[in-house]
Amino acid sequence: MTGIGVNQPTMLQQKLTFAEQVADVLKVPAEDIVEHLEYPPNPDLGDLALPCFRFAKTLRRNPADIAKDVASALAEHPAFARAEATGGYVNVQLNRDALMRDVVRTLQSHPEQWFSRQRGQGRTAAIDYSSPNIAKPFGVGHLRSTVIGQAIVHLLEADGWRVVGINHLGDWGTQFGKIIVAYRKWGDEAVVRANPVRELFSLYVRFHDEAEKHPELDDEAREWFKKLEEGDAEATRLWQWFIDESLKVFRAMYHRLGVQFDHYLGESFYNDMMQVVVDELRSKGLLVESDGAEVVDLSAWNMPPCIIVKSDGATIYATRDLAAANYRHDQFGADTLLYVVGAEQTLHFQQVFKVLELMGRSWAANCQHVAFGMMKYNGERMSTRRGKIVYLEDVLDKAVAEAKRIIEEKNPSLEDKDSVAEAVGIGAVIFNDLKSYRMHDVDFRYEEVLNFDGETGPYVQYTHARACSVLRKAEATPGQAGSVDNLVDVHDAEWRLITVLAQAQEVLERAVDELDPSLIARFLLDVCHAFNRFYHDCPILSAEAARDQRLALTDAVRSALAYGLHLLGLKAPTAM
RNA sequence: GUCUCAGUAGCUCAGCUGGAUAGAGCAACAGCCUUCUAAGCUGUGGGUCGGGGGUUCGAAUCCCUCCUGAGACGCCA
C-alpha cells in the first residue's frame with residue numbers, strides 16, 4: 001500500500017492500520033491483508049472483518065485460533081474499540097469518535113481531498129466521447145457515450161489527471177454525398193434553417209427510401225462525396241453549412257447536459273494526416289496487398305486484417321483513427337487514450353491498438369476502448385437510416401415537464417421552479433444512464449426515466465436539498481455548520497452514515513481504475529439511504545447535546561452529495 | 001460457423017480480485033407527516049444466482065461444457 005501520503009482517516013487508512021497491526025501475527029505483508037479485509041454482512045458484527053481461513057495452511061493452525069490471536073493483537077490499538085473472533089472471522093469495531101471527527105471535518109471543508117489522493121498527478125488522458133454524426137439528430141443512443149464520457153473526465157480529474165476531452169464528430173464520408181444529393185433534389189433552404197438537424201435528417205431518411213427504388217441515387221451520392229473530397233466549391237459550401245447548423249444544435253444540447261469538450265475535432269480534421277500514416281506503415285513493411293486493398297495482417301493475433309487503404313485508393317476509418325491517435329499523443333501530450341464508444345466497435349479498436357503497437361508506439365498499451373452496451377427502444381435496435389430514433393431533446397423535455405409537475409404538486413412556493421425543474425429532469429435522465437453497468441444493453445423506457453422515486457437522480461438531488469434545508473433552518477453556513485469538537489454518544493444511524501462516507505476514496509479509486517461511473521452513482525445512493533435513515537431516526541435541530549455534531553454531519557453529507565453529483569455531471573439544487 | 005459480451009426476485013439491477021443467512025429499487029400489500037422537505041422512512045411477500053460438471057475448508061463469484069440473447073466477423077463508422 002504505497003502512495004497513501006497523508007495519514008488520512010479514510011476507511012482505506014483504517015484497513016491499513018488493521019493490517020499493519022496484525023502483519024506479524026499472520027506473517028504476511030500488510031498490503032496483502034488490506035486486500036482481504038471486508039465489510040461484515042451485518043453491521044452488528046462490526047465495521048471491518050478479516051476471514052482467517054486462507055492463513056490456516058501456511059501457519060498450520062486452525063482459522064479460529066488465528067482469529068483469536070489477530071483479535072488480541074488488535075485490542076492493543078486505539079483505533080479499534082473492540083475486536084472479536086467469531087469462528088474463523090475477526091470482527092472489529094472502530095473507534096467511532098475519531099473517525100467521525102475526521103470524516104466530517106475533511107468533508108465539510110475539502111470534499112475533493114476526501115475522495116482522492118491525486119494518483120493521476122503528471123498523467124494526461126485524451127478521451128474521445130459523444131462524437132455524434134453531423135446532420136443527424138442527437139438521439140438517446142448518443143446519450144450514453146456523452147454522459148459516461150463526461151463523468152469519466154470528472155473522475156480522472158478528481159484523481160489528479162490532466163484530461164483532454166475530444167468530440168470526434170462524424171463530419172466526413174459518403175453519407176455527406178447522400179445528404180447533398182437529397183438537399184439539392186428535395187430540400188428547401190428556409191425549411192432547413194428553421195430546424196436544421198431534423199430537416200436534414202428527414203432528407204437523409206428520404207434518400208434511403210428513394211434509393212431502394214432508384215439505385216442510381218447512390219452513384220450520384222458517391223459522385224458528390226468525391227467532389228467534396230476534391231474541394232468542389234458547392235459541395236464544400238453545403239457541407240460546411242451542415243456542420244455549422246448541426247453544431248449549433250449540438251452545442252445547445254451539451255449546454256443543457258452540462259457537457260464540455262476541450263476540442264471539437266471532426267473526422268475531416270485528419271484528412272491531410274492520412275498519407276503520413278500510410279507511408280509509415282508501408283515503410284515499416286506492415287502493409288500487404290489483399291483483394292486490391294492494402295491491409296495490416298493481424299492473423300497472428302487471431303484477428304481479421306485491418307484495412308488501411310481501400311481498393312479504390314481511399315482511406316478508411318481505421319486509418320483515420322490511427323492518425324487521430326498519433327495526433328492526440330503528439331499534440332496533447334496524452335500518455336493514455338480513451339475511447340467511449342459502443343461495444344459493437346470492440347474489434348475495430350482491438351485492431352487499431354494492435355496496429356499502433358506494431359508501429360512501435362509504446363503508449364499503445366495505454367489505449368483503452370471504454371465500451372458500453374446498446375440502447376434499444378421497445379426491444380429493437382434504433383436505426384438512424386429508417387428514422388427509428390428517440391430524440392434526446394424530447395426525452396429531456398418530458399423529464400423536465402415531469403419535474404415541473406411534481407414541483408407544482410409538492411412545493412408550489414419554490415423559487416426558480418423552472419431552473420430547478422430543468423436540473424432535476426435532466427439529472428433524472430443522466431443518472432438513469434449512469435447508474436447501471438456500462439456493458440449491459442439498455443431498453444429505453446419512458447416509464448423508467450420519468451419515475452423519480454427510489455434509486456434515481458432526483459432522489460439524490462432531493463436528499464441533498466433536504467440537507468441544505470436543515471442547514472438553512474439552523475441558519476448555519478454550508479461548510480462550517482455545527483461542530484464535532486465535543487461528541488456525545490454516536491447514534492447507530494449516525495455511525496452507519498459515517499462508515500459509508502468513509503468509503504469515498506476506495507469508491508473513487510475503483511471507479512477510476514475501472515472507468516465506471518456507476519460505482520459513484522451507487523455510492524451516492526448508499527449515502528442518501530444512510531442519511532435519510534438518520535434523518536428519520538435522529539432529530540437534528542431539536543437535539544440537545546447532539547445538535548452540533550448532527551448539524552456538522554448533515555453538512556458533511558451535503559458536501560459529499562454536491563461533490564458526487566458534480567462528478568456525475570448533475571446539478572445540485574439547494575431546494576426542490 | 002468463429003470470436004466477444006451478457007444471463008441473479010414479476011421488472012430494472014447490485015454483489016463477480018472466492019468467504020458468514022444472496023442485497024437494493026420499481027411494481028403489490030401494510031404502516032409512518034400538529035415535529036428538521038413523505039421526490040422520504042419502516043415492514044411483508046417474492047430466488048433451482050440460465051442448466052450440468054469440476055477445483056476448494058468454502059462458489060453467484062474461478063475452470064470446463066451446454067443452452068439462451070445481443071453484437072462483431074475486410075473495403076460504413
# chains A, B, ... in the order shown; residues from 1 in each chain; ligands from 1
>>> select_by_dssp(residues="region 178-277 of chain A", states="alpha helix (DSSP H)", output="PyMOL selection string")
chain A and resi 178-186+189-194+196-213+216-229+233-257+274-277
>>> interface_residues(of="chain B", to="chain A", cutoff="12 Å", atoms="only C-alpha atoms (C1' of nucleotides)", output="JSON, numbers by chain")
{"B": [2, 3, 4, 5, 6, 7, 11, 12, 13, 14, 15, 17, 18, 19, 20, 21, 22, 23, 24, 25, 26, 27, 32, 33, 35, 36, 37, 38, 39, 40, 41, 42, 56, 57, 58, 69, 70, 71, 72, 73, 74, 75, 76, 77]}
>>> closest_residue(among="B:G1, B:C16, B:C29, B:U8", to="A59 (chain B)", atoms="only C-alpha atoms (C1' of nucleotides)")
B:C16
>>> residues_around(residues="Tyr377 (chain A)", least_positions_apart="2", cutoff="9 Å", atoms="only C-alpha atoms (C1' of nucleotides)", output="mmCIF file with N, CA and C atoms, in the first residue's frame")
data_model
loop_
_atom_site.group_PDB
_atom_site.id
_atom_site.type_symbol
_atom_site.label_atom_id
_atom_site.label_comp_id
_atom_site.auth_asym_id
_atom_site.auth_seq_id
_atom_site.Cartn_x
_atom_site.Cartn_y
_atom_site.Cartn_z
ATOM 1 N N MET A 375 -28.238 0.889 -26.719
ATOM 2 C CA MET A 375 -29.534 1.427 -26.303
ATOM 3 C C MET A 375 -30.589 0.957 -27.301
ATOM 4 N N GLY A 379 -37.228 -2.916 -27.281
ATOM 5 C CA GLY A 379 -36.500 -4.143 -27.555
ATOM 6 C C GLY A 379 -35.838 -4.177 -28.921
ATOM 7 N N GLU A 380 -36.035 -3.121 -29.708
ATOM 8 C CA GLU A 380 -35.459 -3.117 -31.049
ATOM 9 C C GLU A 380 -34.314 -2.137 -31.160
ATOM 10 N N ARG A 381 -33.407 -2.474 -32.017
ATOM 11 C CA ARG A 381 -32.297 -1.602 -32.287
ATOM 12 C C ARG A 381 -32.807 -0.325 -32.959
ATOM 13 N N MET A 382 -32.259 0.803 -32.533
ATOM 14 C CA MET A 382 -32.678 2.036 -33.187
ATOM 15 C C MET A 382 -31.924 2.176 -34.501
ATOM 16 N N LYS A 388 -35.921 5.500 -37.220
ATOM 17 C CA LYS A 388 -36.417 4.944 -35.959
ATOM 18 C C LYS A 388 -35.475 5.362 -34.840
ATOM 19 N N ILE A 389 -35.833 6.415 -34.187
ATOM 20 C CA ILE A 389 -34.920 7.001 -33.226
ATOM 21 C C ILE A 389 -35.733 7.790 -32.208
ATOM 22 N N VAL A 390 -35.237 7.830 -30.979
ATOM 23 C CA VAL A 390 -35.870 8.645 -29.953
ATOM 24 C C VAL A 390 -34.996 9.880 -29.768
ATOM 25 N N VAL A 442 -29.344 -1.488 -22.792
ATOM 26 C CA VAL A 442 -30.490 -0.924 -22.078
ATOM 27 C C VAL A 442 -31.639 -0.703 -23.042
ATOM 28 N N ASP A 443 -32.813 -1.069 -22.574
ATOM 29 C CA ASP A 443 -34.013 -0.839 -23.360
ATOM 30 C C ASP A 443 -34.617 0.453 -22.827
ATOM 31 N N PHE A 444 -34.590 1.476 -23.662
ATOM 32 C CA PHE A 444 -35.085 2.772 -23.215
ATOM 33 C C PHE A 444 -36.586 2.716 -22.949
ATOM 34 N N ARG A 445 -36.966 3.141 -21.744
ATOM 35 C CA ARG A 445 -38.395 3.173 -21.415
ATOM 36 C C ARG A 445 -38.728 4.484 -20.718
#
>>> residues_around(residues="Asp485 (chain A)", least_positions_apart="6", cutoff="10 Å", atoms="only C-alpha atoms (C1' of nucleotides)", output="list in words")
Asp97, Arg101, Arg105, Asp548 and Gln549 of chain A
>>> write_last_selection(atoms="C-alpha atoms", output="JSON list (two decimals), in the first residue's frame")
[["chain", "number", "residue", "atom", "x", "y", "z"],
["A", 97, "ASP", "CA", -15.32, 9.40, 17.73],
["A", 101, "ARG", "CA", -14.41, 13.76, 13.59],
["A", 105, "ARG", "CA", -14.11, 17.87, 9.21],
["A", 548, "ASP", "CA", -23.84, 20.38, 16.91],
["A", 549, "GLN", "CA", -22.45, 17.07, 15.74]]
